[in-house]
$ cat model17.txt   # compact mmCIF, C-alpha atoms and all ligand atoms
# COMPACT_ATOMS: atom_id res chain seq x y z
CA MET A 75 0.00 0.00 0.00
CA SER A 76 1.58 3.34 -1.09
CA ASP A 77 2.34 5.48 1.95
CA LEU A 78 1.10 9.09 1.78
CA SER A 79 2.07 10.08 5.31
CA GLY A 80 2.77 13.76 5.66
CA ARG A 81 1.07 14.72 2.38
CA VAL A 82 -1.79 17.20 2.15
CA ALA A 83 -4.51 16.40 -0.38
CA LEU A 84 -7.53 18.36 -1.60
CA VAL A 85 -10.36 16.30 -3.13
CA THR A 86 -13.08 18.20 -4.99
CA GLY A 87 -16.63 16.86 -4.94
CA ALA A 88 -15.75 14.56 -2.05
CA SER A 89 -19.13 14.44 -0.31
CA THR A 90 -20.28 11.42 -2.33
CA GLY A 91 -19.24 8.68 -4.75
CA ILE A 92 -15.73 8.37 -6.15
CA GLY A 93 -14.54 11.59 -4.47
CA ARG A 94 -15.61 10.26 -1.08
CA ALA A 95 -13.87 6.92 -1.71
CA ILE A 96 -10.66 8.70 -2.78
CA ALA A 97 -10.71 10.95 0.31
CA ILE A 98 -11.09 7.87 2.52
CA GLU A 99 -8.32 5.96 0.73
CA LEU A 100 -5.86 8.87 0.91
CA ALA A 101 -6.61 9.30 4.61
CA ARG A 102 -6.06 5.55 5.14
CA ARG A 103 -2.60 5.96 3.60
CA GLY A 104 -1.70 8.77 6.00
CA ALA A 105 -2.51 11.92 4.00
CA ARG A 106 -4.16 14.91 5.59
CA VAL A 107 -7.26 15.34 3.45
CA ALA A 108 -9.41 18.39 2.71
CA ILE A 109 -12.91 17.37 1.68
CA ASN A 110 -14.54 19.79 -0.76
CA TYR A 111 -18.30 20.01 -1.25
CA PRO A 112 -20.18 22.58 -3.35
CA PHE A 113 -23.36 23.59 -1.55
CA GLU A 114 -24.74 23.72 2.00
CA ARG A 115 -27.21 20.93 1.17
CA GLU A 116 -24.18 18.63 0.66
CA ARG A 117 -22.74 19.41 4.09
CA GLU A 118 -24.17 16.34 5.82
CA ASN A 119 -22.74 14.03 3.15
CA ALA A 120 -19.39 15.78 3.49
CA GLU A 121 -19.52 15.22 7.27
CA GLU A 122 -20.12 11.52 6.62
CA THR A 123 -17.07 11.44 4.32
CA ARG A 124 -15.03 13.01 7.11
CA ARG A 125 -16.28 10.46 9.64
CA LEU A 126 -15.37 7.56 7.34
CA ALA A 127 -12.00 9.13 6.45
CA LEU A 128 -11.11 9.57 10.11
CA ALA A 129 -11.91 5.91 10.80
CA ALA A 130 -9.81 4.86 7.78
CA ALA A 131 -6.95 7.11 8.94
CA ALA A 132 -6.95 5.40 12.33
CA GLU A 133 -6.98 1.94 10.71
CA GLY A 134 -4.16 2.91 8.35
CA ALA A 135 -2.05 4.38 11.16
CA ALA A 136 -2.48 1.18 13.21
CA LEU A 137 -1.47 -0.93 10.22
CA ARG A 138 1.65 1.13 9.55
CA GLU A 139 2.53 0.93 13.22
CA ARG A 140 2.27 -2.90 13.12
CA GLN A 141 4.45 -2.99 10.00
CA ARG A 142 7.09 -0.73 11.51
CA PRO A 143 10.40 -2.58 11.93
CA SER A 144 10.98 -3.27 15.62
CA GLY A 145 13.40 -0.83 17.19
CA SER A 146 12.56 2.05 14.81
CA VAL A 147 10.69 5.10 15.99
CA PRO A 148 7.59 6.68 14.38
CA GLY A 149 8.62 9.13 11.67
CA GLU A 150 11.63 7.08 10.58
CA GLY A 151 11.70 5.36 7.18
CA SER A 152 8.32 3.88 6.29
CA ALA A 153 6.99 4.34 9.79
CA VAL A 154 4.07 6.53 10.83
CA ALA A 155 4.99 10.13 10.05
CA VAL A 156 3.71 13.62 10.64
CA GLY A 157 0.20 14.21 9.49
CA SER A 158 -0.95 10.66 10.04
CA GLU A 159 -2.44 11.28 13.46
CA PRO A 160 -6.16 10.60 13.08
CA GLY A 161 -7.02 13.74 14.97
CA ASP A 162 -5.86 16.19 12.36
CA VAL A 163 -6.32 14.45 9.05
CA CYS A 164 -9.44 15.98 7.66
CA SER A 165 -11.13 19.30 7.13
CA LEU A 166 -14.24 20.27 5.22
CA VAL A 167 -14.19 23.09 2.70
CA ARG A 168 -17.20 24.41 0.84
CA ALA A 169 -16.59 25.78 -2.68
CA ASP A 170 -18.27 25.61 -6.05
CA VAL A 171 -15.55 24.75 -8.59
CA THR A 172 -17.21 26.90 -11.23
CA ARG A 173 -16.52 30.07 -9.19
CA GLU A 174 -13.03 31.49 -9.27
CA ALA A 175 -13.33 33.47 -6.05
CA GLU A 176 -14.57 30.41 -4.15
CA ILE A 177 -11.69 28.31 -5.49
CA GLU A 178 -9.16 30.90 -4.39
CA ALA A 179 -10.74 31.04 -0.95
CA MET A 180 -10.75 27.23 -0.75
CA PHE A 181 -7.02 26.97 -1.48
CA GLU A 182 -6.32 29.68 1.05
CA GLN A 183 -8.44 27.98 3.71
CA VAL A 184 -6.88 24.55 3.13
CA GLY A 185 -3.40 26.06 3.01
CA SER A 186 -3.82 27.71 6.38
CA SER A 187 -5.62 24.83 8.13
CA CYS A 188 -3.72 21.85 6.66
CA GLY A 189 -0.51 23.22 5.13
CA THR A 190 0.71 23.42 1.54
CA ILE A 191 -1.33 21.20 -0.72
CA ASP A 192 0.76 18.42 -2.33
CA ILE A 193 -2.03 16.55 -4.10
CA LEU A 194 -5.05 17.91 -5.97
CA ILE A 195 -7.80 15.47 -6.94
CA ASN A 196 -10.03 17.11 -9.57
CA ASN A 197 -13.04 14.88 -9.09
CA ALA A 198 -16.13 17.15 -9.10
CA GLY A 199 -18.39 16.32 -12.03
CA ILE A 200 -21.93 16.26 -13.33
CA GLN A 201 -23.74 14.82 -16.32
CA ILE A 202 -27.02 15.71 -17.99
CA GLU A 203 -28.84 13.31 -20.31
CA GLU A 204 -30.46 14.87 -23.39
CA PRO A 205 -33.18 13.41 -25.65
CA ALA A 206 -30.80 14.01 -28.57
CA SER A 207 -27.68 16.08 -29.15
CA HIS A 208 -29.44 18.47 -31.54
CA GLU A 209 -31.95 19.18 -28.76
CA THR A 210 -29.28 19.99 -26.16
CA THR A 211 -29.75 23.45 -24.77
CA ALA A 212 -26.81 25.84 -24.59
CA GLU A 213 -27.58 26.20 -20.90
CA HIS A 214 -27.19 22.46 -20.24
CA PHE A 215 -24.10 22.26 -22.41
CA ASP A 216 -22.47 25.14 -20.54
CA ALA A 217 -23.46 23.77 -17.13
CA VAL A 218 -21.64 20.46 -17.71
CA LEU A 219 -18.58 22.09 -19.26
CA ASP A 220 -18.49 24.59 -16.41
CA VAL A 221 -18.05 21.96 -13.69
CA ASN A 222 -16.22 19.15 -15.50
CA LEU A 223 -13.84 21.12 -17.70
CA ARG A 224 -13.60 24.72 -16.55
CA GLY A 225 -13.67 23.65 -12.89
CA THR A 226 -10.84 21.20 -13.55
CA PHE A 227 -8.82 23.94 -15.24
CA LEU A 228 -9.46 26.55 -12.54
CA CYS A 229 -8.49 24.24 -9.68
CA ALA A 230 -5.41 23.02 -11.58
CA ARG A 231 -4.37 26.62 -12.26
CA GLU A 232 -4.65 27.57 -8.60
CA PHE A 233 -2.79 24.43 -7.53
CA ILE A 234 0.05 24.93 -10.01
CA THR A 235 0.51 28.56 -9.00
CA GLN A 236 1.12 27.39 -5.42
CA ALA A 237 3.07 24.25 -6.34
CA LEU A 238 5.60 26.26 -8.35
CA ASP A 239 6.42 28.19 -5.17
CA ALA A 240 6.53 25.01 -3.12
CA SER A 241 8.35 21.81 -3.99
CA GLY A 242 6.01 20.63 -6.75
CA GLY A 243 3.05 18.31 -6.45
CA VAL A 244 0.65 16.07 -8.29
CA ILE A 245 -2.73 16.60 -9.91
CA LEU A 246 -5.05 13.68 -10.56
CA ASN A 247 -8.02 14.38 -12.82
CA VAL A 248 -10.98 12.04 -12.55
CA SER A 249 -11.85 11.62 -16.19
CA SER A 250 -13.99 8.86 -17.71
CA VAL A 251 -13.98 6.16 -20.37
CA HIS A 252 -15.85 8.88 -22.28
CA GLN A 253 -12.58 10.70 -22.86
CA LYS A 254 -12.22 7.91 -25.44
CA ILE A 255 -15.68 6.45 -26.11
CA PRO A 256 -18.19 8.79 -27.81
CA ARG A 257 -21.41 9.12 -25.83
CA PRO A 258 -24.66 9.89 -27.68
CA HIS A 259 -27.22 11.79 -25.56
CA TYR A 260 -24.42 13.02 -23.34
CA LEU A 261 -22.51 15.18 -25.80
CA SER A 262 -21.51 17.78 -23.22
CA TYR A 263 -20.20 15.08 -20.89
CA ALA A 264 -18.10 13.47 -23.62
CA VAL A 265 -16.78 16.88 -24.72
CA SER A 266 -15.85 17.70 -21.14
CA LYS A 267 -13.95 14.45 -20.61
CA TYR A 268 -12.15 14.62 -23.99
CA GLY A 269 -11.17 18.10 -22.78
CA VAL A 270 -9.96 16.74 -19.46
CA GLN A 271 -7.58 14.53 -21.42
CA ALA A 272 -6.21 17.67 -23.10
CA ILE A 273 -5.77 19.34 -19.72
CA THR A 274 -3.97 16.28 -18.32
CA GLU A 275 -1.56 15.92 -21.22
CA THR A 276 -0.89 19.63 -21.84
CA LEU A 277 -0.24 20.51 -18.20
CA ALA A 278 1.86 17.36 -17.74
CA LEU A 279 4.12 18.40 -20.59
CA GLU A 280 4.29 22.05 -19.58
CA TYR A 281 5.26 21.42 -15.95
CA ALA A 282 7.14 18.09 -16.17
CA ASP A 283 10.50 19.75 -15.51
CA ARG A 284 9.21 21.74 -12.56
CA GLY A 285 8.28 18.93 -10.20
CA ILE A 286 4.58 18.80 -11.05
CA ARG A 287 3.02 15.58 -12.31
CA VAL A 288 -0.42 15.53 -13.91
CA VAL A 289 -2.21 12.21 -14.30
CA ALA A 290 -5.76 10.98 -14.73
CA ILE A 291 -7.94 8.04 -13.96
CA ALA A 292 -10.74 7.05 -16.33
CA PRO A 293 -13.35 4.97 -14.58
CA GLY A 294 -15.89 2.87 -16.39
CA ALA A 295 -19.40 2.51 -14.96
CA THR A 296 -19.07 2.84 -11.19
CA ARG A 297 -21.61 2.45 -8.39
CA THR A 298 -22.23 6.12 -7.40
CA PRO A 299 -25.17 8.53 -7.23
CA ILE A 300 -24.32 10.00 -10.69
CA GLN A 301 -25.73 6.83 -12.32
CA SER A 302 -29.52 7.05 -12.32
CA TRP A 303 -29.87 3.50 -13.71
CA LEU A 304 -28.42 1.96 -10.54
CA HIS A 305 -31.87 1.91 -8.96
CA ASP A 306 -33.17 -0.18 -11.85
CA GLU A 307 -31.94 -3.78 -11.63
CA LYS A 308 -32.75 -4.54 -15.26
CA ALA A 309 -30.97 -1.45 -16.56
CA THR A 310 -27.94 -2.30 -14.40
CA GLN A 311 -27.86 -5.80 -15.90
CA VAL A 312 -27.89 -4.30 -19.40
CA VAL A 313 -24.95 -2.03 -18.51
CA GLU A 314 -23.06 -4.95 -16.98
CA SER A 315 -23.64 -7.14 -20.01
CA HIS A 316 -21.61 -4.63 -22.08
CA ILE A 317 -18.61 -4.75 -19.73
CA PRO A 318 -16.04 -7.49 -20.45
CA MET A 319 -15.68 -8.20 -16.70
CA LYS A 320 -19.51 -8.31 -16.48
CA ARG A 321 -19.81 -6.04 -13.48
CA ILE A 322 -19.66 -2.36 -12.64
CA ALA A 323 -16.88 -0.96 -10.44
CA GLU A 324 -17.10 -0.12 -6.76
CA PRO A 325 -15.83 3.41 -5.96
CA GLU A 326 -13.17 1.90 -3.67
CA GLU A 327 -11.62 0.11 -6.66
CA ILE A 328 -11.19 3.45 -8.42
CA ALA A 329 -9.87 5.07 -5.25
CA ARG A 330 -7.08 2.51 -4.80
CA MET A 331 -5.77 3.22 -8.31
CA ALA A 332 -6.03 6.96 -7.69
CA ALA A 333 -4.00 6.61 -4.47
CA PHE A 334 -1.32 4.67 -6.33
CA LEU A 335 -1.10 7.29 -9.11
CA VAL A 336 -0.58 10.20 -6.72
CA SER A 337 1.98 8.31 -4.64
CA ASP A 338 5.75 8.13 -5.12
CA ASP A 339 5.30 4.61 -6.50
CA ALA A 340 4.13 6.37 -9.69
CA ARG A 341 6.69 9.15 -9.52
CA TYR A 342 8.00 8.60 -13.09
CA VAL A 343 4.46 8.74 -14.57
CA THR A 344 2.98 11.92 -15.96
CA GLY A 345 0.47 12.79 -18.67
CA GLN A 346 -1.04 9.31 -18.55
CA THR A 347 -4.63 8.25 -18.02
CA LEU A 348 -5.21 4.94 -16.33
CA PHE A 349 -8.43 3.28 -17.52
CA ALA A 350 -10.08 1.41 -14.65
CA ASP A 351 -13.02 0.08 -16.63
CA GLY A 352 -13.30 -3.70 -16.44
CA GLY A 353 -12.18 -3.85 -20.08
CA LEU A 354 -14.86 -1.50 -21.42
CA THR A 355 -12.45 0.34 -23.73
CA LEU A 356 -11.20 -2.91 -25.27
CA TYR A 357 -13.87 -3.04 -28.01
CA ALA A 358 -16.12 -5.25 -25.87
CA ASP A 359 -18.06 -6.48 -28.92
CA PHE A 360 -14.97 -8.44 -29.93
CA GLN A 361 -15.01 -10.48 -26.71
CA GLU A 362 -16.67 -13.39 -28.50
CA PRO A 363 -16.00 -14.40 -32.12
CA TRP A 364 -18.59 -12.89 -34.50
CA SER A 365 -18.98 -16.07 -36.54
P1 LIG A 401 -21.27 11.81 -7.68
O1 LIG A 401 -22.44 12.51 -8.21
O2 LIG A 401 -21.41 10.97 -6.48
O3 LIG A 401 -20.07 12.82 -7.43
C1 LIG A 401 -19.91 14.05 -8.06
C2 LIG A 401 -19.53 15.03 -6.99
O4 LIG A 401 -19.26 16.31 -7.60
C3 LIG A 401 -20.66 15.27 -5.99
O5 LIG A 401 -20.16 15.07 -4.68
C4 LIG A 401 -21.06 16.72 -6.19
O6 LIG A 401 -21.46 17.36 -5.00
C5 LIG A 401 -19.78 17.30 -6.75
N1 LIG A 401 -20.01 18.53 -7.49
C6 LIG A 401 -20.94 18.78 -8.46
N2 LIG A 401 -20.87 20.04 -8.86
C7 LIG A 401 -19.86 20.61 -8.16
C8 LIG A 401 -19.33 21.91 -8.13
N3 LIG A 401 -19.80 22.88 -8.91
N4 LIG A 401 -18.32 22.18 -7.26
C9 LIG A 401 -17.81 21.20 -6.45
N5 LIG A 401 -18.30 19.95 -6.45
C10 LIG A 401 -19.32 19.66 -7.29
O7 LIG A 401 -20.73 10.90 -8.90
P2 LIG A 401 -19.32 10.20 -9.10
O8 LIG A 401 -19.57 9.09 -10.03
O9 LIG A 401 -18.66 9.92 -7.83
O10 LIG A 401 -18.53 11.31 -9.92
C11 LIG A 401 -17.21 11.71 -9.58
C12 LIG A 401 -16.39 11.85 -10.85
O11 LIG A 401 -16.27 10.57 -11.46
C13 LIG A 401 -17.04 12.78 -11.90
O12 LIG A 401 -16.04 13.59 -12.47
C14 LIG A 401 -17.57 11.79 -12.93
O13 LIG A 401 -17.62 12.34 -14.21
C15 LIG A 401 -16.52 10.69 -12.83
N6 LIG A 401 -16.93 9.39 -13.36
C16 LIG A 401 -17.95 8.70 -12.80
C17 LIG A 401 -18.30 7.46 -13.34
C18 LIG A 401 -19.40 6.61 -12.77
O14 LIG A 401 -19.83 5.65 -13.44
N7 LIG A 401 -19.86 6.87 -11.56
C19 LIG A 401 -17.62 6.96 -14.46
C20 LIG A 401 -16.61 7.73 -15.01
C21 LIG A 401 -16.25 8.94 -14.46

$ encode --input "model17.txt" --output "structure tokens"
Amino acid sequence: MSDLSGRVALVTGASTGIGRAIAIELARRGARVAINYPFERERENAEETRRLALAAAAEGAALRERQRPSGSVPGEGSAVAVGSEPGDVCSLVRADVTREAEIEAMFEQVGSSCGTIDILINNAGIQIEEPASHETTAEHFDAVLDVNLRGTFLCAREFITQALDASGGVILNVSSVHQKIPRPHYLSYAVSKYGVQAITETLALEYADRGIRVVAIAPGATRTPIQSWLHDEKATQVVESHIPMKRIAEPEEIARMAAFLVSDDARYVTGQTLFADGGLTLYADFQEPWS
């Protein structure tokens, strides 16, 4: 398990779903985690993320303590280090990632309560289904791009500005298989995620020689509130039948890959997107011979 002791991470959209799972996993690995949520109505969910992250942090700290070579003291080598005390791992920070002023305030707040941010997880995202692409309203199109693409850019920009003054850092963008697979009825979503790929690769190249890595994870269908079909057993079966592994992902499976990518175990990786999709991008229709 990659050790993130002493790191400070900010996870956007962490009150539910994949963001929550990533916040919990980073806390388990010793990071001090700031949990972002957008609106007051999400506060309770964000509190629940914090509660779960604190429990995971305590479990992780106990595990690292058991694995510590006898005779060594906490803080030495791979042992428990600063920032891994369960008491101070997590803070909540409200900000809408479409609003520049709120993002600036969020970074300031996290910086002063947790310390310099080493890891940014750009996870916040929405999707809107349309009857057809030619019937998509400009308002809906803009709303999705605003959160998924512009929000990713704005948070990355703020993070990089600070990371250049610090000792670098890592950005992980939560993209989607739809940065590769076209998605009828969800044009804005596909556009946003193709755009996230451009952000990942362009920023990775631009800042590679200044200690900043930029990577992405592209989940396939994952069990979170964004998927309306989850409440419909039949619809879920249809989705699963299209996935080579024949099941959807659990958010924790995505979170473990995210934690690996932001850790030093992946320190020579930048500009890459890791597809965690049960084989969905492998031309699933070719799984069985056609004739
Ligand atoms: P989710 O709805 O549980 O999470 C999305 C989160 O984004 C929510 O917590 C929400 O409060 C937050 N959010 C929305 N607007 C925001 C804003 N303006 N500012 C800050 N936060 C905001 O769904 P999820 O599946 O966990 O989605 C997380 C990410 O994973 C998204 O980027 C999504 O595109 C991506 N993703 C999800 C799946 C899937 O099948 N669940 C697959 C591929 C990619």

$ closest_residue --input "model17.txt" --among "A:Ala217, A:Ile286, A:Ala292, A:Ala101" --to "A:Ala240" --atoms "only C-alpha atoms"
A:Ile286

$ residues_near_ligand --input "model17.txt" --ligand "ligand LIG 401 (chain A)" --cutoff "9 Å" --atoms "only C-alpha atoms and all ligand atoms" --output "PyMOL selection string"
chain A and resi 86-95+110-113+116+119-120+168-173+196-201+218+220-222+225+247-252+263+266-267+291-301+322-325+351

$ closest_residue --input "model17.txt" --among "A:Arg102, A:Gly243, A:Arg140, A:Gly145" --to "A:Arg124" --atoms "all atoms listed in the file"
A:Arg102

$ residues_around --input "model17.txt" --residues "A:Ala83" --least-positions-apart "2" --cutoff "10 Å" --atoms "all atoms listed in the file" --output "PyMOL selection string"
chain A and resi 78+80-81+85-86+97+100-101+105-109+163-164+184+188-195+243-245+336

$ atom_distance --input "model17.txt" --atom1 "atom CA of A:Asp283" --atom2 "atom CA of A:Thr235"
14.8 Å

$ closest_residue --input "model17.txt" --among "A:Phe334, A:Tyr357, A:Phe349, A:Phe215" --to "A:His316" --atoms "only C-alpha atoms"
A:Tyr357

$ atom_distance --input "model17.txt" --atom1 "atom CA of A:Val289" --atom2 "atom CA of A:Gln346"
5.3 Å

$ closest_residue --input "model17.txt" --among "A:Phe233, A:Leu228, A:Gln271, A:Arg287" --to "A:Arg341" --atoms "all atoms listed in the file"
A:Arg287

$ atom_distance --input "model17.txt" --atom1 "atom CA of A:Ile98" --atom2 "atom CA of A:Leu277"
26.6 Å

$ closest_residue --input "model17.txt" --among "A:Ala333, A:Glu203, A:Glu174, A:Ser315" --to "A:Ser302" --atoms "all atoms listed in the file"
A:Glu203

$ closest_residue --input "model17.txt" --among "A:Phe360, A:Thr310, A:Glu176, A:Leu279" --to "A:Val343" --atoms "all atoms listed in the file"
A:Leu279

$ axis_aligned_box --input "model17.txt" --around "stretch 239-244 of chain A" --padding-each-side "4 Å" --output "JSON"
{"center_x": 4.5, "center_y": 22.1, "center_z": -5.7, "size_x": 15.7, "size_y": 20.1, "size_z": 13.2}

$ decode --input "model17.txt" --residues "stretch 328-346 of chain A" --atoms "N, CA and C atoms" --output "short mmCIF file (atom, residue, chain, number, x, y, z; two decimals), in the first residue's frame"
data_model
loop_
_atom_site.label_atom_id
_atom_site.label_comp_id
_atom_site.auth_asym_id
_atom_site.auth_seq_id
_atom_site.Cartn_x
_atom_site.Cartn_y
_atom_site.Cartn_z
N ILE A 328 -11.73 2.28 -7.71
CA ILE A 328 -11.19 3.45 -8.42
C ILE A 328 -10.24 4.21 -7.48
N ALA A 329 -10.65 4.31 -6.23
CA ALA A 329 -9.87 5.07 -5.25
C ALA A 329 -8.48 4.47 -5.03
N ARG A 330 -8.40 3.13 -5.02
CA ARG A 330 -7.08 2.51 -4.80
C ARG A 330 -6.12 2.83 -5.94
N MET A 331 -6.63 2.87 -7.16
CA MET A 331 -5.77 3.22 -8.31
C MET A 331 -5.38 4.69 -8.23
N ALA A 332 -6.32 5.52 -7.81
CA ALA A 332 -6.03 6.96 -7.69
C ALA A 332 -4.91 7.16 -6.66
N ALA A 333 -5.01 6.46 -5.54
CA ALA A 333 -4.00 6.61 -4.47
C ALA A 333 -2.62 6.18 -4.97
N PHE A 334 -2.60 5.13 -5.76
CA PHE A 334 -1.32 4.67 -6.33
C PHE A 334 -0.75 5.76 -7.26
N LEU A 335 -1.59 6.31 -8.12
CA LEU A 335 -1.10 7.29 -9.11
C LEU A 335 -0.53 8.56 -8.48
N VAL A 336 -1.09 8.97 -7.35
CA VAL A 336 -0.58 10.20 -6.72
C VAL A 336 0.60 9.92 -5.78
N SER A 337 0.90 8.65 -5.58
CA SER A 337 1.98 8.31 -4.64
C SER A 337 3.33 8.30 -5.36
N ASP A 338 4.39 8.19 -4.56
CA ASP A 338 5.75 8.13 -5.12
C ASP A 338 5.99 6.84 -5.90
N ASP A 339 5.15 5.84 -5.69
CA ASP A 339 5.30 4.61 -6.50
C ASP A 339 5.09 4.91 -7.98
N ALA A 340 4.39 6.00 -8.28
CA ALA A 340 4.13 6.37 -9.69
C ALA A 340 4.91 7.62 -10.07
N ARG A 341 6.03 7.85 -9.38
CA ARG A 341 6.69 9.15 -9.52
C ARG A 341 7.27 9.42 -10.92
N TYR A 342 7.45 8.37 -11.75
CA TYR A 342 8.00 8.60 -13.09
C TYR A 342 6.86 8.64 -14.14
N VAL A 343 5.63 8.75 -13.66
CA VAL A 343 4.46 8.74 -14.57
C VAL A 343 3.85 10.12 -14.62
N THR A 344 3.73 10.67 -15.82
CA THR A 344 2.98 11.92 -15.96
C THR A 344 2.31 11.96 -17.34
N GLY A 345 1.19 12.65 -17.40
CA GLY A 345 0.47 12.79 -18.67
C GLY A 345 -0.35 11.57 -19.06
N GLN A 346 -0.35 10.56 -18.20
CA GLN A 346 -1.04 9.31 -18.55
C GLN A 346 -2.43 9.24 -17.91
#
